[in-house]
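Presented below is the structure to which this report refers.
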Amino acid sequence: MRRRKVGGIPAKADAEVQEQFLETKLRPRLDQAVKGRRTVLFVDAAHFVWAPFLGFVWCLVRLFVKAPAGRQRYNVLAALDAVTHRLYRFCNVGYINAESVCALLRQIADAVPGPVTLVMDNARYQHCALVIALAKKLRIDLLFLPAYSPNLNLIERVWKFVKKECLASRYLPSFGDFTSAIDTCLDQLPTEHKAKMRTLLTLNFQTFVDEPIIAA
(Lines give C-alpha, C1' and ligand atoms only; values in the text may rest on other atoms or scores of the structure.)
Protein backbone atom coordinates (compact mmCIF):
# COMPACT_ATOMS: atom_id res chain seq x y z
CA MET A 1 0.00 0.00 0.00
CA ARG A 2 1.51 3.33 -1.08
CA ARG A 3 1.45 6.37 1.16
CA ARG A 4 -0.05 9.55 -0.27
CA LYS A 5 0.36 13.10 0.96
CA VAL A 6 -2.85 14.64 2.22
CA GLY A 7 -3.22 18.40 2.16
CA GLY A 8 -5.36 21.32 1.17
CA ILE A 9 -5.97 21.72 -2.56
CA PRO A 10 -5.77 25.24 -4.04
CA ALA A 11 -9.21 26.54 -5.00
CA LYS A 12 -10.37 25.21 -8.38
CA ALA A 13 -7.05 23.47 -9.04
CA ASP A 14 -7.12 20.48 -11.38
CA ALA A 15 -4.79 17.88 -9.85
CA GLU A 16 -4.52 15.78 -13.01
CA VAL A 17 -3.71 18.79 -15.21
CA GLN A 18 -1.03 19.89 -12.72
CA GLU A 19 0.52 16.43 -12.64
CA GLN A 20 0.60 16.20 -16.45
CA PHE A 21 2.06 19.71 -16.79
CA LEU A 22 4.79 18.92 -14.28
CA GLU A 23 5.82 15.65 -15.90
CA THR A 24 5.53 16.55 -19.60
CA LYS A 25 6.42 20.24 -19.74
CA LEU A 26 8.06 21.62 -16.60
CA ARG A 27 10.22 18.71 -15.45
CA PRO A 28 11.96 18.17 -18.86
CA ARG A 29 12.96 21.84 -18.97
CA LEU A 30 14.20 21.75 -15.39
CA ASP A 31 16.28 18.67 -16.19
CA GLN A 32 17.92 20.62 -19.02
CA ALA A 33 18.53 23.55 -16.66
CA VAL A 34 20.25 21.34 -14.09
CA LYS A 35 22.54 20.06 -16.89
CA GLY A 36 23.35 23.62 -17.97
CA ARG A 37 21.59 23.36 -21.31
CA ARG A 38 18.81 25.86 -20.56
CA THR A 39 17.94 28.63 -18.08
CA VAL A 40 14.55 28.27 -16.42
CA LEU A 41 13.15 31.31 -14.63
CA PHE A 42 10.00 31.40 -12.53
CA VAL A 43 8.14 34.72 -12.87
CA ASP A 44 5.61 36.37 -10.59
CA ALA A 45 4.71 39.75 -9.09
CA ALA A 46 4.38 40.49 -5.39
CA HIS A 47 2.45 43.53 -4.21
CA PHE A 48 3.75 44.46 -0.76
CA VAL A 49 1.45 46.83 1.12
CA TRP A 50 2.94 49.10 3.80
CA ALA A 51 0.72 47.73 6.54
CA PRO A 52 1.05 45.39 9.54
CA PHE A 53 2.43 41.92 8.79
CA LEU A 54 1.33 39.71 11.65
CA GLY A 55 3.66 37.30 13.41
CA PHE A 56 4.18 35.71 16.82
CA VAL A 57 5.90 37.14 19.91
CA TRP A 58 6.15 35.10 23.10
CA CYS A 59 5.91 37.27 26.21
CA LEU A 60 4.52 37.15 29.75
CA VAL A 61 2.57 40.39 29.44
CA ARG A 62 0.51 41.94 26.69
CA LEU A 63 2.76 43.65 24.18
CA PHE A 64 1.68 46.38 21.78
CA VAL A 65 3.68 46.73 18.58
CA LYS A 66 3.52 49.88 16.48
CA ALA A 67 2.11 49.50 12.99
CA PRO A 68 2.22 51.80 9.95
CA ALA A 69 -0.91 53.72 9.10
CA GLY A 70 -0.19 54.04 5.38
CA ARG A 71 -1.48 51.86 2.57
CA GLN A 72 1.20 52.53 -0.04
CA ARG A 73 2.16 49.58 -2.21
CA TYR A 74 5.56 48.39 -3.44
CA ASN A 75 5.34 46.17 -6.50
CA VAL A 76 8.07 43.67 -7.32
CA LEU A 77 7.94 41.77 -10.60
CA ALA A 78 10.71 39.20 -10.55
CA ALA A 79 12.18 36.18 -12.31
CA LEU A 80 13.95 33.53 -10.23
CA ASP A 81 16.60 31.27 -11.76
CA ALA A 82 15.61 27.72 -10.79
CA VAL A 83 19.23 26.56 -10.49
CA THR A 84 21.40 29.52 -9.43
CA HIS A 85 18.60 31.34 -7.52
CA ARG A 86 19.63 34.61 -9.10
CA LEU A 87 16.77 37.10 -9.09
CA TYR A 88 16.01 39.55 -11.89
CA ARG A 89 13.46 42.17 -10.91
CA PHE A 90 11.52 45.26 -11.91
CA CYS A 91 10.03 47.40 -9.12
CA ASN A 92 7.64 50.34 -8.93
CA VAL A 93 5.04 51.98 -6.70
CA GLY A 94 2.34 52.22 -9.35
CA TYR A 95 1.11 49.21 -11.27
CA ILE A 96 2.55 46.09 -12.85
CA ASN A 97 1.37 45.77 -16.45
CA ALA A 98 2.45 44.37 -19.82
CA GLU A 99 5.08 47.11 -20.21
CA SER A 100 6.58 46.04 -16.87
CA VAL A 101 6.81 42.44 -18.09
CA CYS A 102 8.44 43.61 -21.33
CA ALA A 103 11.04 45.55 -19.33
CA LEU A 104 11.83 42.38 -17.37
CA LEU A 105 12.07 40.35 -20.59
CA ARG A 106 14.61 42.79 -22.03
CA GLN A 107 16.63 42.68 -18.81
CA ILE A 108 16.74 38.88 -18.96
CA ALA A 109 17.59 38.80 -22.68
CA ASP A 110 20.57 41.10 -22.05
CA ALA A 111 21.85 39.06 -19.10
CA VAL A 112 21.15 35.41 -19.92
CA PRO A 113 22.78 33.63 -22.90
CA GLY A 114 21.41 30.51 -24.54
CA PRO A 115 17.92 28.98 -24.40
CA VAL A 116 15.66 30.61 -21.80
CA THR A 117 12.26 29.51 -20.49
CA LEU A 118 10.07 31.75 -18.36
CA VAL A 119 7.49 29.93 -16.26
CA MET A 120 4.56 32.32 -15.78
CA ASP A 121 1.00 32.31 -14.51
CA ASN A 122 -1.99 33.39 -16.57
CA ALA A 123 -2.28 36.98 -15.36
CA ARG A 124 -3.74 39.04 -18.19
CA TYR A 125 -0.75 41.40 -18.40
CA GLN A 126 1.59 38.40 -18.82
CA HIS A 127 -0.54 36.37 -21.21
CA CYS A 128 -1.09 39.16 -23.75
CA ALA A 129 -0.10 39.78 -27.38
CA LEU A 130 2.51 42.43 -26.52
CA VAL A 131 4.43 40.15 -24.16
CA ILE A 132 4.15 37.09 -26.40
CA ALA A 133 5.37 39.05 -29.45
CA LEU A 134 8.41 40.45 -27.60
CA ALA A 135 9.29 37.04 -26.16
CA LYS A 136 9.22 35.58 -29.66
CA LYS A 137 11.46 38.39 -30.94
CA LEU A 138 13.91 37.82 -28.07
CA ARG A 139 13.74 34.03 -28.55
CA ILE A 140 12.45 33.47 -25.03
CA ASP A 141 10.25 30.43 -24.45
CA LEU A 142 7.13 31.23 -22.40
CA LEU A 143 5.63 28.36 -20.41
CA PHE A 144 2.30 29.20 -18.80
CA LEU A 145 1.23 27.38 -15.66
CA PRO A 146 -2.15 25.68 -15.42
CA ALA A 147 -4.83 27.80 -13.76
CA TYR A 148 -4.72 27.97 -9.95
CA SER A 149 -1.24 26.46 -9.63
CA PRO A 150 0.84 28.65 -7.26
CA ASN A 151 2.25 25.40 -5.85
CA LEU A 152 4.14 24.93 -9.14
CA ASN A 153 5.68 28.41 -9.14
CA LEU A 154 9.01 28.33 -7.31
CA ILE A 155 9.15 32.08 -6.73
CA GLU A 156 6.05 31.94 -4.51
CA ARG A 157 8.31 30.50 -1.81
CA VAL A 158 10.53 33.59 -2.06
CA TRP A 159 7.62 35.94 -1.40
CA LYS A 160 6.65 33.99 1.72
CA PHE A 161 10.26 34.06 2.90
CA VAL A 162 10.55 37.84 2.44
CA LYS A 163 7.37 38.50 4.43
CA LYS A 164 8.55 36.28 7.27
CA GLU A 165 12.19 37.40 7.24
CA CYS A 166 11.94 41.18 7.10
CA LEU A 167 8.30 42.25 7.49
CA ALA A 168 6.48 40.06 10.01
CA SER A 169 6.15 41.61 13.50
CA ARG A 170 8.36 44.56 12.56
CA TYR A 171 7.67 48.26 12.74
CA LEU A 172 9.01 50.12 9.71
CA PRO A 173 8.28 53.79 10.38
CA SER A 174 8.44 55.10 6.82
CA PHE A 175 7.61 53.81 3.36
CA GLY A 176 11.28 54.23 2.50
CA ASP A 177 12.24 51.93 5.37
CA PHE A 178 9.63 49.46 4.13
CA THR A 179 10.92 49.31 0.54
CA SER A 180 14.53 49.27 1.74
CA ALA A 181 13.86 46.24 3.96
CA ILE A 182 12.36 44.35 1.01
CA ASP A 183 15.17 45.32 -1.38
CA THR A 184 17.85 44.40 1.15
CA CYS A 185 16.29 41.00 1.75
CA LEU A 186 16.07 40.30 -1.99
CA ASP A 187 19.66 41.50 -2.54
CA GLN A 188 20.89 39.13 0.17
CA LEU A 189 19.20 35.99 -1.18
CA PRO A 190 22.41 34.71 -2.84
CA THR A 191 24.68 35.76 0.06
CA GLU A 192 23.24 36.18 3.57
CA HIS A 193 20.35 33.81 2.89
CA LYS A 194 22.14 31.41 0.53
CA ALA A 195 21.88 28.38 2.83
CA LYS A 196 18.19 28.97 3.49
CA MET A 197 17.49 29.35 -0.23
CA ARG A 198 19.25 26.08 -0.97
CA THR A 199 16.85 24.33 1.40
CA LEU A 200 13.75 26.31 0.45
CA LEU A 201 14.08 26.32 -3.33
CA THR A 202 14.49 22.62 -4.08
CA LEU A 203 12.91 21.49 -7.34
CA ASN A 204 10.32 19.39 -5.55
CA PHE A 205 6.73 20.52 -6.03
CA GLN A 206 3.62 19.72 -4.02
CA THR A 207 1.00 18.07 -6.21
CA PHE A 208 -2.41 16.70 -5.32
CA VAL A 209 -3.69 13.31 -6.46
CA ASP A 210 -7.46 12.92 -6.23
CA GLU A 211 -7.76 9.46 -4.73
CA PRO A 212 -10.22 8.05 -2.18
CA ILE A 213 -8.90 7.77 1.37
CA ILE A 214 -9.38 4.37 3.00
CA ALA A 215 -9.46 4.41 6.76
CA ALA A 216 -7.00 2.05 8.43
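If you're wondering about the labels, chains in the C-alpha coordinates are A, B, ... by order shown, residues count from 1 in each chain, ligands from 1 in order shown.
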Identify, on the basis of only C-alpha atoms, every residue whose closest approach to region 132-148 of chain A does not exceed 9 Å; exclude the query and any residue fewer than 2 positions from it along the same chain; express the result as a ChimeraX atom specification. /A:10-14,17-18,21,25-26,102,105-106,109,115-122,126-130,150-153
Can you check which residues of chain A DSSP gives as helix (DSSP H, G or I) on the backbone and send them as a ChimeraX atom specification? /A:15-34,98-111,129-137,150-152,155-167,175-187,194-200
Tell me which protein, DNA and RNA residues are within 9 Å of Arg170 (chain A), counting only C-alpha atoms, leaving out same-chain ones fewer than 2 positions away, and put them as number ranges by chain. A: 52-55, 65-67, 166-168, 172
Sorted by chain and rising residue number, list the residues of region 92-205 of chain A at most 8 Å from region 76-80 of chain A (counting only C-alpha atoms), each with its closest atom pair and distance in Å to one decimal, as a tab-separated table.
```
residue	atom	partner	partner_atom	distance
A:Asn92	CA	A:Val76	CA	6.9
A:Ile96	CA	A:Leu77	CA	7.3
A:Ser100	CA	A:Leu77	CA	7.7
A:Val101	CA	A:Leu77	CA	7.6
A:Leu104	CA	A:Ala78	CA	7.6
A:Leu118	CA	A:Ala79	CA	7.8
A:Leu154	CA	A:Leu80	CA	7.8
A:Ile155	CA	A:Leu80	CA	6.1
```
Those residues with N, CA and C atoms, as an mmCIF file, in the first residue's frame please?
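Final output, saved to again11.cif:
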```
data_model
loop_
_atom_site.group_PDB
_atom_site.id
_atom_site.type_symbol
_atom_site.label_atom_id
_atom_site.label_comp_id
_atom_site.auth_asym_id
_atom_site.auth_seq_id
_atom_site.Cartn_x
_atom_site.Cartn_y
_atom_site.Cartn_z
ATOM 1 N N ASN A 92 8.251 49.010 -8.850
ATOM 2 C CA ASN A 92 7.643 50.338 -8.926
ATOM 3 C C ASN A 92 6.615 50.506 -7.814
ATOM 4 N N ILE A 96 1.846 47.035 -11.990
ATOM 5 C CA ILE A 96 2.546 46.092 -12.852
ATOM 6 C C ILE A 96 1.634 45.819 -14.037
ATOM 7 N N SER A 100 5.669 46.480 -17.940
ATOM 8 C CA SER A 100 6.581 46.041 -16.875
ATOM 9 C C SER A 100 7.176 44.687 -17.218
ATOM 10 N N VAL A 101 6.330 43.779 -17.710
ATOM 11 C CA VAL A 101 6.807 42.444 -18.087
ATOM 12 C C VAL A 101 7.802 42.553 -19.243
ATOM 13 N N LEU A 104 11.153 43.523 -17.986
ATOM 14 C CA LEU A 104 11.831 42.379 -17.366
ATOM 15 C C LEU A 104 12.367 41.432 -18.432
ATOM 16 N N LEU A 118 10.710 31.052 -19.474
ATOM 17 C CA LEU A 118 10.071 31.755 -18.364
ATOM 18 C C LEU A 118 8.790 31.018 -18.003
ATOM 19 N N LEU A 154 7.953 28.314 -8.319
ATOM 20 C CA LEU A 154 9.011 28.326 -7.305
ATOM 21 C C LEU A 154 9.147 29.666 -6.598
ATOM 22 N N ILE A 155 8.917 30.749 -7.306
ATOM 23 C CA ILE A 155 9.150 32.077 -6.729
ATOM 24 C C ILE A 155 8.141 32.419 -5.627
#
```
Using only C-alpha atoms, which residue out of A:Val131, A:Val43, A:Phe90, A:Ala51 lies closest to Val158 (chain A)? A:Val43
Would you mind telling me which residue in A:Arg62, A:Arg157, A:Lys163, A:Arg27 lies nearest to Cys185 (chain A) when using only C-alpha atoms? A:Lys163
Sel. of strand (DSSP E or B) residues, region 19-137 of chain A, as a CSV table (one decimal) with N, CA and C atoms, in the first residue's frame:
```csv
chain,number,residue,atom,x,y,z
A,39,THR,N,18.2,27.9,-19.3
A,39,THR,CA,17.9,28.6,-18.1
A,39,THR,C,16.4,28.7,-17.9
A,40,VAL,N,16.0,28.2,-16.7
A,40,VAL,CA,14.6,28.3,-16.4
A,40,VAL,C,14.3,29.3,-15.3
A,41,LEU,N,13.5,30.2,-15.6
A,41,LEU,CA,13.2,31.3,-14.6
A,41,LEU,C,11.7,31.3,-14.3
A,42,PHE,N,11.4,31.3,-13.0
A,42,PHE,CA,10.0,31.4,-12.5
A,42,PHE,C,9.6,32.9,-12.3
A,43,VAL,N,8.5,33.3,-12.9
A,43,VAL,CA,8.1,34.7,-12.9
A,43,VAL,C,6.9,34.9,-12.1
A,44,ASP,N,6.8,36.0,-11.3
A,44,ASP,CA,5.6,36.4,-10.6
A,44,ASP,C,5.8,37.8,-10.0
A,45,ALA,N,4.7,38.4,-9.7
A,45,ALA,CA,4.7,39.7,-9.1
A,45,ALA,C,4.2,39.7,-7.7
A,46,ALA,N,4.8,40.4,-6.8
A,46,ALA,CA,4.4,40.5,-5.4
A,46,ALA,C,4.0,41.9,-5.2
A,47,HIS,N,2.9,42.2,-4.5
A,47,HIS,CA,2.5,43.5,-4.2
A,47,HIS,C,2.5,43.7,-2.7
A,48,PHE,N,3.6,44.3,-2.2
A,48,PHE,CA,3.8,44.5,-0.8
A,48,PHE,C,3.1,45.8,-0.3
A,49,VAL,N,2.2,45.7,0.6
A,49,VAL,CA,1.4,46.8,1.1
A,49,VAL,C,2.1,47.3,2.4
A,73,ARG,N,1.8,50.9,-1.7
A,73,ARG,CA,2.2,49.6,-2.2
A,73,ARG,C,3.5,49.6,-3.0
A,74,TYR,N,4.3,48.6,-2.7
A,74,TYR,CA,5.6,48.4,-3.4
A,74,TYR,C,5.5,47.1,-4.3
A,75,ASN,N,5.5,47.3,-5.6
A,75,ASN,CA,5.3,46.2,-6.5
A,75,ASN,C,6.7,45.6,-7.0
A,76,VAL,N,6.8,44.3,-6.9
A,76,VAL,CA,8.1,43.7,-7.3
A,76,VAL,C,7.7,42.6,-8.3
A,77,LEU,N,8.1,42.8,-9.6
A,77,LEU,CA,7.9,41.8,-10.6
A,77,LEU,C,9.3,41.1,-10.8
A,78,ALA,N,9.4,39.8,-10.6
A,78,ALA,CA,10.7,39.2,-10.6
A,78,ALA,C,10.7,37.9,-11.3
A,79,ALA,N,11.9,37.5,-11.7
A,79,ALA,CA,12.2,36.2,-12.3
A,79,ALA,C,13.3,35.5,-11.5
A,80,LEU,N,13.0,34.3,-11.1
A,80,LEU,CA,14.0,33.5,-10.2
A,80,LEU,C,14.6,32.4,-11.0
A,81,ASP,N,15.9,32.4,-11.1
A,81,ASP,CA,16.6,31.3,-11.8
A,81,ASP,C,16.4,30.0,-10.9
A,87,LEU,N,18.1,36.4,-8.9
A,87,LEU,CA,16.8,37.1,-9.1
A,87,LEU,C,16.9,38.3,-10.0
A,88,TYR,N,16.1,38.4,-11.0
A,88,TYR,CA,16.0,39.6,-11.9
A,88,TYR,C,14.7,40.2,-11.5
A,89,ARG,N,14.7,41.6,-11.4
A,89,ARG,CA,13.5,42.2,-10.9
A,89,ARG,C,13.2,43.6,-11.5
A,90,PHE,N,12.0,43.9,-11.5
A,90,PHE,CA,11.5,45.3,-11.9
A,90,PHE,C,10.6,45.7,-10.8
A,91,CYS,N,10.8,46.9,-10.2
A,91,CYS,CA,10.0,47.4,-9.1
A,91,CYS,C,9.4,48.8,-9.4
A,92,ASN,N,8.3,49.0,-8.9
A,92,ASN,CA,7.6,50.3,-8.9
A,92,ASN,C,6.6,50.5,-7.8
A,116,VAL,N,16.3,30.1,-23.0
A,116,VAL,CA,15.7,30.6,-21.8
A,116,VAL,C,14.2,30.3,-21.8
A,117,THR,N,13.7,29.7,-20.7
A,117,THR,CA,12.3,29.5,-20.5
A,117,THR,C,11.8,30.3,-19.3
A,118,LEU,N,10.7,31.1,-19.5
A,118,LEU,CA,10.1,31.8,-18.4
A,118,LEU,C,8.8,31.0,-18.0
A,119,VAL,N,8.7,30.6,-16.8
A,119,VAL,CA,7.5,29.9,-16.3
A,119,VAL,C,6.6,31.0,-15.6
A,120,MET,N,5.4,31.2,-16.2
A,120,MET,CA,4.6,32.3,-15.8
A,120,MET,C,3.1,31.8,-15.5
```
Between A:Arg124, A:Val61, A:Thr202, A:Glu16, which residue has the minimum interatomic distance to Val34 (chain A), considering only C-alpha atoms?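 Looking at the shortest contact to Val34 (chain A), the residue is A:Thr202.
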Which of these residues is nearest to Thr199 (chain A), using only C-alpha atoms: A:Glu19, A:Ala69, A:Ser149, A:Phe161?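 The answer is A:Phe161, which sits nearest to Thr199 (chain A).
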Skipping near chain neighbours, those fewer than 6 positions away, what residues fall within 12 Å of Arg198 (chain A) using only C-alpha atoms, listed as a PyMOL selection string? chain A and resi 82-86+157-158+189-192
Could you work out how far CA of Leu203 (chain A) lies from CA of Leu30 (chain A), giving the answer in Å with one decimal?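 Distance reported for this atom pair: 8.2 Å.
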